[in-house]
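Printed here is structure.cif (mmCIF, C-alpha atoms and all ligand atoms):
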data_protein
loop_
_atom_site.label_atom_id
_atom_site.label_comp_id
_atom_site.auth_asym_id
_atom_site.auth_seq_id
_atom_site.Cartn_x
_atom_site.Cartn_y
_atom_site.Cartn_z
CA VAL A 1 142.37 118.75 87.65
CA SER A 2 141.71 120.40 84.27
CA LEU A 3 140.06 118.30 81.61
CA LEU A 4 142.98 118.74 79.28
CA LEU A 5 145.46 116.89 81.44
CA TYR A 6 147.33 115.54 78.45
CA ALA A 7 146.76 118.01 75.66
CA GLY A 8 146.95 121.70 74.88
CA PRO A 9 148.26 124.49 77.13
CA ASP A 10 147.58 122.51 80.32
CA GLY A 11 149.41 119.49 78.96
CA GLU A 12 152.15 117.70 80.86
CA LYS A 13 154.69 120.53 80.35
CA ALA A 14 152.42 122.75 82.45
CA TRP A 15 151.91 120.22 85.26
CA PRO A 16 154.85 121.41 87.47
CA LYS A 17 153.30 124.89 87.76
CA LYS A 18 150.35 123.57 89.72
CA TYR A 19 151.89 120.27 90.89
CA PRO A 20 155.55 120.84 91.90
CA PHE A 21 156.35 117.12 92.35
CA CYS A 22 155.71 116.67 88.60
CA GLY A 23 158.94 118.64 88.00
CA GLY A 24 160.78 116.74 90.75
CA VAL A 25 162.78 113.55 91.20
CA PHE A 26 161.99 109.90 90.60
CA GLN A 27 159.41 110.66 87.90
CA SER A 28 157.62 107.98 85.88
CA PRO A 29 157.21 106.60 83.27
CA ILE A 30 160.66 105.80 81.89
CA ASP A 31 162.27 103.97 78.96
CA PHE A 32 163.85 100.58 79.76
CA HIS A 33 167.10 100.31 77.81
CA LYS A 34 170.20 98.13 78.19
CA ASP A 35 172.63 100.39 80.02
CA ILE A 36 170.31 101.14 82.97
CA LEU A 37 169.20 97.54 83.61
CA GLN A 38 170.78 95.41 86.34
CA TYR A 39 169.89 91.79 87.13
CA ASP A 40 168.84 91.23 90.78
CA SER A 41 168.48 87.61 91.95
CA ASN A 42 166.48 88.71 95.02
CA LEU A 43 163.51 89.74 92.90
CA LEU A 44 160.95 87.00 93.60
CA PRO A 45 157.74 86.27 91.68
CA LEU A 46 154.88 88.30 93.18
CA GLU A 47 152.14 86.43 95.04
CA PHE A 48 148.54 87.56 94.51
CA ILE A 49 146.09 86.84 97.34
CA GLY A 50 142.34 87.23 96.88
CA TYR A 51 142.60 88.17 93.20
CA ASN A 52 140.06 85.52 92.24
CA VAL A 53 136.95 87.57 93.06
CA SER A 54 133.56 85.79 92.90
CA SER A 55 131.15 86.81 90.14
CA THR A 56 128.58 87.57 92.85
CA ASP A 57 130.84 90.49 93.88
CA ARG A 58 130.89 93.71 91.85
CA PHE A 59 133.66 96.12 90.84
CA THR A 60 132.70 99.74 90.12
CA LEU A 61 133.99 100.92 86.75
CA THR A 62 134.02 104.69 86.24
CA ASN A 63 135.20 107.37 83.80
CA ASN A 64 136.95 110.09 85.80
CA GLY A 65 137.60 112.39 82.85
CA HIS A 66 141.17 111.30 82.19
CA SER A 67 141.09 107.55 82.48
CA VAL A 68 138.71 104.66 82.91
CA LYS A 69 139.25 103.11 86.32
CA MET A 70 137.85 100.13 88.17
CA TYR A 71 137.81 100.03 91.98
CA LEU A 72 139.07 96.72 93.31
CA SER A 73 138.20 94.72 96.40
CA PRO A 74 140.16 95.41 99.65
CA THR A 75 140.45 91.62 100.03
CA MET A 76 142.98 91.64 97.17
CA TYR A 77 146.64 92.06 98.11
CA ILE A 78 150.21 91.30 97.05
CA ARG A 79 152.91 89.51 99.07
CA ASN A 80 156.67 89.32 98.35
CA LEU A 81 157.08 93.06 98.20
CA PRO A 82 158.90 94.92 101.03
CA PHE A 83 155.46 95.31 102.67
CA GLU A 84 151.98 93.90 102.08
CA TYR A 85 150.18 96.05 99.49
CA THR A 86 146.37 96.06 99.16
CA ALA A 87 144.65 96.63 95.81
CA SER A 88 142.93 99.98 95.28
CA GLN A 89 142.02 100.34 91.60
CA LEU A 90 143.07 99.57 88.07
CA HIS A 91 143.04 101.90 85.05
CA LEU A 92 144.44 102.12 81.54
CA HIS A 93 146.51 104.41 79.31
CA TRP A 94 146.19 104.36 75.52
CA GLY A 95 146.82 106.26 72.26
CA ASN A 96 144.32 106.96 69.49
CA ARG A 97 142.81 105.16 66.52
CA ASN A 98 145.49 106.49 64.15
CA LYS A 99 148.39 105.80 66.49
CA SER A 100 148.06 102.77 68.75
CA GLU A 101 151.18 103.59 70.78
CA GLY A 102 149.74 104.68 74.10
CA SER A 103 151.81 102.78 76.66
CA GLU A 104 153.55 104.88 79.33
CA HIS A 105 156.67 102.76 79.79
CA THR A 106 158.72 102.00 76.67
CA VAL A 107 161.30 99.29 75.95
CA SER A 108 164.37 100.35 73.94
CA GLY A 109 162.43 103.42 72.88
CA LYS A 110 159.41 101.40 71.68
CA HIS A 111 155.85 102.16 72.81
CA PHE A 112 153.38 99.35 73.22
CA ALA A 113 149.73 99.83 72.20
CA ALA A 114 148.41 100.50 75.71
CA GLU A 115 149.18 99.86 79.39
CA LEU A 116 147.14 98.55 82.34
CA HIS A 117 148.00 99.76 85.85
CA ILE A 118 146.87 98.04 89.04
CA VAL A 119 147.37 100.48 91.93
CA HIS A 120 148.01 99.08 95.44
CA TYR A 121 148.79 100.84 98.72
CA ASN A 122 151.04 99.81 101.65
CA SER A 123 148.34 98.48 104.01
CA GLU A 124 150.93 97.49 106.62
CA LYS A 125 151.81 101.13 107.29
CA TYR A 126 148.84 103.22 106.07
CA PRO A 127 145.04 103.00 106.64
CA ASP A 128 144.08 103.80 103.02
CA VAL A 129 145.41 104.90 99.62
CA THR A 130 144.88 108.58 100.36
CA ALA A 131 147.17 108.39 103.40
CA ALA A 132 149.67 106.29 101.43
CA MET A 133 149.83 108.09 98.10
CA ASP A 134 152.33 110.82 99.09
CA LYS A 135 154.66 108.54 101.14
CA ALA A 136 157.89 107.19 99.66
CA ASP A 137 156.85 103.60 100.50
CA GLY A 138 153.14 104.25 99.99
CA LEU A 139 152.16 102.71 96.65
CA ALA A 140 152.98 99.71 94.47
CA VAL A 141 151.71 99.78 90.89
CA LEU A 142 151.77 96.75 88.57
CA ALA A 143 152.07 97.62 84.89
CA ILE A 144 151.03 95.29 82.07
CA LEU A 145 152.04 96.26 78.53
CA LEU A 146 149.29 95.57 75.96
CA GLU A 147 149.89 94.68 72.31
CA ILE A 148 147.73 93.51 69.41
CA GLY A 149 146.97 89.81 69.04
CA PRO A 150 144.01 87.46 69.43
CA PHE A 151 140.77 88.52 71.13
CA ASN A 152 141.24 88.50 74.92
CA PRO A 153 138.11 87.26 76.77
CA SER A 154 139.49 88.33 80.18
CA TYR A 155 139.99 91.97 79.14
CA GLU A 156 136.56 91.83 77.50
CA LYS A 157 135.07 91.38 81.00
CA ILE A 158 135.98 95.07 81.50
CA PHE A 159 135.91 96.38 77.91
CA ARG A 160 132.32 95.30 77.24
CA HIS A 161 131.18 97.90 79.82
CA PHE A 162 132.88 100.86 78.12
CA ARG A 163 129.60 101.88 76.41
CA ASN A 164 128.14 102.54 79.90
CA VAL A 165 131.01 104.84 80.99
CA LYS A 166 131.35 106.90 77.80
CA TYR A 167 131.18 110.20 79.66
CA LYS A 168 132.87 111.75 82.71
CA ASP A 169 131.47 110.61 86.10
CA GLN A 170 129.41 107.76 84.62
CA MET A 171 129.80 104.42 86.41
CA VAL A 172 128.73 100.81 86.02
CA GLN A 173 129.01 97.61 88.09
CA VAL A 174 131.23 94.88 86.67
CA PRO A 175 130.73 91.28 87.89
CA GLY A 176 133.79 90.02 89.79
CA PHE A 177 136.31 87.81 88.01
CA ASN A 178 139.88 86.59 88.50
CA ILE A 179 142.03 89.71 88.06
CA ARG A 180 145.01 87.36 87.75
CA GLU A 181 143.68 86.67 84.20
CA LEU A 182 144.72 90.22 83.20
CA LEU A 183 148.38 89.54 83.97
CA PRO A 184 150.93 87.82 81.71
CA ASP A 185 151.88 84.17 82.33
CA ARG A 186 155.44 84.87 83.46
CA LEU A 187 155.00 86.70 86.81
CA ASP A 188 158.66 86.00 87.56
CA GLU A 189 159.99 88.27 84.81
CA TYR A 190 159.65 92.01 85.44
CA TYR A 191 161.35 95.42 85.62
CA ARG A 192 161.48 97.03 89.12
CA TYR A 193 162.27 100.65 90.00
CA GLU A 194 161.29 103.45 92.37
CA GLY A 195 159.20 106.04 90.58
CA SER A 196 156.12 108.21 90.78
CA LEU A 197 152.46 108.59 89.90
CA THR A 198 152.31 109.39 86.18
CA THR A 199 149.50 111.90 86.65
CA PRO A 200 149.36 114.94 88.90
CA PRO A 201 150.19 115.17 91.78
CA CYS A 202 153.11 112.94 90.52
CA TYR A 203 154.13 111.96 94.06
CA PRO A 204 157.42 109.96 94.06
CA SER A 205 155.64 107.26 96.03
CA VAL A 206 155.43 104.30 93.66
CA LEU A 207 157.34 101.01 93.67
CA TRP A 208 156.87 100.03 89.99
CA THR A 209 156.70 96.46 88.76
CA VAL A 210 156.45 96.35 84.95
CA PHE A 211 156.02 92.82 83.63
CA ARG A 212 158.48 91.88 80.88
CA HIS A 213 155.95 90.03 78.72
CA PRO A 214 153.12 91.99 77.08
CA VAL A 215 149.53 90.71 77.08
CA LYS A 216 147.63 90.53 73.78
CA ILE A 217 144.23 92.06 73.03
CA SER A 218 142.60 92.19 69.60
CA GLN A 219 142.68 95.10 67.15
CA GLU A 220 138.93 95.53 67.71
CA GLN A 221 139.33 95.60 71.51
CA LEU A 222 142.09 98.18 71.18
CA LEU A 223 139.94 100.31 68.85
CA ALA A 224 137.11 100.15 71.39
CA LEU A 225 139.47 101.41 74.10
CA GLU A 226 140.69 104.21 71.80
CA THR A 227 137.24 105.35 70.68
CA ALA A 228 134.74 104.54 73.44
CA MET A 229 135.22 107.30 75.97
CA TYR A 230 135.09 111.06 76.36
CA CYS A 231 136.73 113.37 78.91
CA THR A 232 133.57 115.46 78.97
CA GLU A 233 130.18 114.98 80.60
CA SER A 234 127.27 113.58 78.62
CA ASP A 235 125.57 117.01 78.25
CA ASP A 236 128.75 118.90 77.22
CA PRO A 237 128.16 120.74 73.88
CA GLU A 238 131.84 120.30 72.98
CA PRO A 239 132.70 116.61 73.57
CA LEU A 240 136.42 115.82 73.98
CA GLU A 241 137.59 112.30 73.06
CA MET A 242 139.56 110.52 75.77
CA VAL A 243 142.69 109.64 73.78
CA ASP A 244 146.48 109.78 74.22
CA ASN A 245 146.18 109.73 78.03
CA PHE A 246 149.79 108.68 78.59
CA ARG A 247 152.67 110.72 80.04
CA ASN A 248 155.90 110.91 78.04
CA VAL A 249 158.97 109.11 79.40
CA GLN A 250 161.01 111.05 81.97
CA GLU A 251 164.76 111.66 82.35
CA PHE A 252 166.34 108.80 84.31
CA HIS A 253 169.90 109.79 85.30
CA GLU A 254 172.11 108.01 87.85
CA ARG A 255 169.38 105.46 88.51
CA LEU A 256 169.09 101.77 87.81
CA VAL A 257 166.18 99.53 86.91
CA PHE A 258 166.45 96.08 88.46
CA ILE A 259 165.37 93.09 86.38
CA SER A 260 164.39 89.64 87.63
CA PHE A 261 165.47 87.96 84.38
CA HIS A 262 168.60 87.54 82.30
CA GLU A 263 168.51 89.37 78.95
N1 LIG A 301 149.54 105.97 86.34
S1 LIG A 301 149.28 106.03 87.90
O1 LIG A 301 150.31 106.82 88.53
O2 LIG A 301 149.17 104.68 88.40
C1 LIG A 301 147.74 106.80 88.15
C2 LIG A 301 147.08 107.43 87.13
F1 LIG A 301 147.58 107.51 85.90
C3 LIG A 301 145.82 107.99 87.34
F2 LIG A 301 145.19 108.58 86.31
C4 LIG A 301 145.24 107.95 88.57
S2 LIG A 301 143.68 108.69 88.80
O3 LIG A 301 143.09 108.23 90.03
O4 LIG A 301 143.91 110.10 88.72
C5 LIG A 301 142.62 108.30 87.49
C6 LIG A 301 142.65 106.86 87.27
O5 LIG A 301 142.75 106.15 88.44
C7 LIG A 301 145.91 107.33 89.61
N2 LIG A 301 145.28 107.33 90.81
C8 LIG A 301 146.02 107.34 92.03
C9 LIG A 301 146.83 108.56 92.23
C10 LIG A 301 145.93 109.75 92.40
C11 LIG A 301 145.01 109.60 93.58
C12 LIG A 301 144.56 108.22 93.85
C13 LIG A 301 143.60 107.93 94.81
C14 LIG A 301 143.15 106.65 95.01
C15 LIG A 301 143.64 105.60 94.24
C16 LIG A 301 144.59 105.85 93.26
C17 LIG A 301 145.06 107.11 93.13
C18 LIG A 301 147.16 106.75 89.39
F3 LIG A 301 147.79 106.11 90.38
ZN ZN A 302 148.43 104.72 85.31
#
Will you turn the file into structure tokens for me?
Amino acid sequence: VSLLLYAGPDGEKAWPKKYPFCGGVFQSPIDFHKDILQYDSNLLPLEFIGYNVSSTDRFTLTNNGHSVKMYLSPTMYIRNLPFEYTASQLHLHWGNRNKSEGSEHTVSGKHFAAELHIVHYNSEKYPDVTAAMDKADGLAVLAILLEIGPFNPSYEKIFRHFRNVKYKDQMVQVPGFNIRELLPDRLDEYYRYEGSLTTPPCYPSVLWTVFRHPVKISQEQLLALETAMYCTESDDPEPLEMVDNFRNVQEFHERLVFISFHE
């Protein structure tokens, strides 16, 4: 995948040329606005099993040139979805230091500062995420909207390692911690819809759960996220800042988003 996934001639408008699904159906992200939302009383709070990972375990954090991602433990999984989904990795999307509006999903046309995604795969039907990622019922991604507020010590457990993954392909070990701390308090209030990966190959294989309530991180933490990393390798003579790595919202016609809460 070209370095310039999000900018310049190879930006998202060019994705469908090489990745046909990116120009297809059920694309994510989308804007959540009143006339496409429908309350669904069957939407239960998600249950997280094995999310409280011991600090003697380690998560690998790595810069893959278009996001910073952390591999999660296969002992972590979600119940109360149509199938059991096992955690694969988490990663973030953000803007830049002059425009902290880098979330992928928007609410009534409004971007949040950034967005955390926790990618899971259907471990009841598929052996691993690679087998699952192009299947309609293959993936479940949790999305947490991030906004500015007080310093967040839980997010700092990841953010403090950014200086060790500044450049593409660098990696560092992060001591285990309770990944549940990264989620908002109200797990019972979320948006739910069938969508896609928001990066190439854009497979329409994702059951999205976007929590209604944003989580707060400090201005300084957000600035660190926006300025710490590069898309390029450490020896590249022309370093490229890793910024604005979010896809724009996609057309959403004749589809509904189900909500577990009353407006
Ligand atoms: N927004 S999103 O749709 O959730 C989303 C991304 F935005 C995104 F950048 C990636 S990435 O790996 O390319 C870099 C950061 O992980 C993924 N990874 C998925 C899909 C691609 C292949 C793969 C293989 C194993 C595990 C996860 C994934 C992703 F799912
Ligand atoms: Zn993502």
(request) Pick out the residues no farther than 6 Å from ligand LIG 301 (chain A), counting all atoms listed in the file, and list them as a list in words. (result) Ser67, Lys69, Ser88, His91, His117, Val119, Val129, Thr130, Leu197, Thr198 and Thr199 of chain A
(request) Show which residues sit within 9 Å of Arg247 (chain A), as a list in words. Count all atoms listed in the file, and ignore same-chain residues fewer than 4 positions away. (result)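 The filter keeps Tyr6, Glu12, Ser28, Pro29, His93, Gly102, Ser103, Glu104, His105, Thr198 and Thr199 of chain A.
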Dump as a PDB file, keeping the file's coordinate frame, selection limited to C-alpha atoms:
ATOM      1  CA  TYR A   6     147.330 115.540  78.450  1.00  0.00           C
ATOM      2  CA  GLU A  12     152.150 117.700  80.860  1.00  0.00           C
ATOM      3  CA  SER A  28     157.620 107.980  85.880  1.00  0.00           C
ATOM      4  CA  PRO A  29     157.210 106.600  83.270  1.00  0.00           C
ATOM      5  CA  HIS A  93     146.510 104.410  79.310  1.00  0.00           C
ATOM      6  CA  GLY A 102     149.740 104.680  74.100  1.00  0.00           C
ATOM      7  CA  SER A 103     151.810 102.780  76.660  1.00  0.00           C
ATOM      8  CA  GLU A 104     153.550 104.880  79.330  1.00  0.00           C
ATOM      9  CA  HIS A 105     156.670 102.760  79.790  1.00  0.00           C
ATOM     10  CA  THR A 198     152.310 109.390  86.180  1.00  0.00           C
ATOM     11  CA  THR A 199     149.500 111.900  86.650  1.00  0.00           C
TER      12      THR A 199
END
(message) Env of Asn52 (chain A): 7 Å cut, atoms = all atoms listed in the file, seq-sep filter 4 positions within chain, self excluded. Answer as a PyMOL selection string.
(response) chain A and resi 177-180
(request) Could you tell me which of A:Pro9, A:Pro150, A:Pro184, A:Pro127 comes closest to Val215 (chain A) if we count all atoms listed in the file? (result)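 Of all the options, A:Pro184 lies closest to Val215 (chain A).
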(request) Find the distance between CA of Phe21 (chain A) and CA of Leu61 (chain A) and write it in Å to one decimal. (result)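 Taking CA of Phe21 (chain A) and CA of Leu61 (chain A), their separation equals 28.2 Å.
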(message) Here is a test: counting only C-alpha atoms, which residue of A:His120, A:Arg97, A:His33, A:Lys157 is nearest to Met76 (chain A)?
(response)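 Once distances to Met76 (chain A) are computed over only C-alpha atoms, the minimum belongs to A:His120.
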(message) Given only C-alpha atoms as the basis, pick out the residue of A:Phe162, A:Tyr126, A:Phe211, A:Tyr19 nearest to Ala224 (chain A).
(response)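 So, comparing all the options, the nearest one is A:Phe162.
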(request) Report the distance between CA of Leu5 (chain A) and CA of Thr227 (chain A) in Å, rounded to one decimal place. (result)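 Distance reported for this atom pair: 17.8 Å.
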(message) Using all atoms listed in the file, which protein or nucleic acid residues come within 10 Å of Pro175 (chain A)? Drop anything in the same chain fewer than 3 positions from it, and give the result as a PyMOL selection string.
(response) chain A and resi 53-60+157-158+172
Resulting file, chosen residues, C-alpha atoms, as a PDB file, keeping the file's coordinate frame:
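Everything below was put into again_1.pdb:
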ATOM      1  CA  VAL A  53     136.950  87.570  93.060  1.00  0.00           C
ATOM      2  CA  SER A  54     133.560  85.790  92.900  1.00  0.00           C
ATOM      3  CA  SER A  55     131.150  86.810  90.140  1.00  0.00           C
ATOM      4  CA  THR A  56     128.580  87.570  92.850  1.00  0.00           C
ATOM      5  CA  ASP A  57     130.840  90.490  93.880  1.00  0.00           C
ATOM      6  CA  ARG A  58     130.890  93.710  91.850  1.00  0.00           C
ATOM      7  CA  PHE A  59     133.660  96.120  90.840  1.00  0.00           C
ATOM      8  CA  THR A  60     132.700  99.740  90.120  1.00  0.00           C
ATOM      9  CA  LYS A 157     135.070  91.380  81.000  1.00  0.00           C
ATOM     10  CA  ILE A 158     135.980  95.070  81.500  1.00  0.00           C
ATOM     11  CA  VAL A 172     128.730 100.810  86.020  1.00  0.00           C
TER      12      VAL A 172
END
(request) Using only C-alpha atoms, find the one residue out of A:Leu37, A:Met229, A:Ile217, A:Ala7 that sits nearest to Val68 (chain A). (result)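 Result for the nearest residue to Val68 (chain A): A:Met229.
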(message) Neighbouring residues of Glu263 (chain A) were defined as those with any atom within 12 Å, considering all atoms listed in the file; residues of the same chain fewer than 5 positions away were excluded. Please report them as a ChimeraX atom specification.
(response) /A:33-35,37-40,189-191,212,258
(request) Find the spatial neighbours of Pro204 (chain A), counting all atoms listed in the file, within a cut-off of 10 Å - ignore same-chain residues fewer than 3 positions away - and output them as a VMD selection string. (result) chain A and resid 21 to 22 24 to 28 133 to 139 194 to 198 201 207
(request) Please measure the separation of CA of Leu223 (chain A) and CA of Asn63 (chain A), giving the value in Å to one decimal. (result)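 Spanning CA of Leu223 (chain A) to CA of Asn63 (chain A) is a straight-line distance of 17.2 Å.
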(request) Return the single residue from A:Leu222, A:Met171, A:Ile118, A:Ile78 that is closest to Ile148 (chain A), with distances computed using all atoms listed in the file. (result)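 Of A:Leu222, A:Met171, A:Ile118, A:Ile78, the one nearest Ile148 (chain A) is A:Leu222, counting all atoms listed in the file.
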(message) Under the rule that only C-alpha atoms and all ligand atoms are counted, which of A:His161, A:His66, A:Lys13, A:Lys216 is the nearest residue to ligand ZN 302 (chain A)?
(response)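 Among the listed residues, A:His66 lies closest to ligand ZN 302 (chain A).
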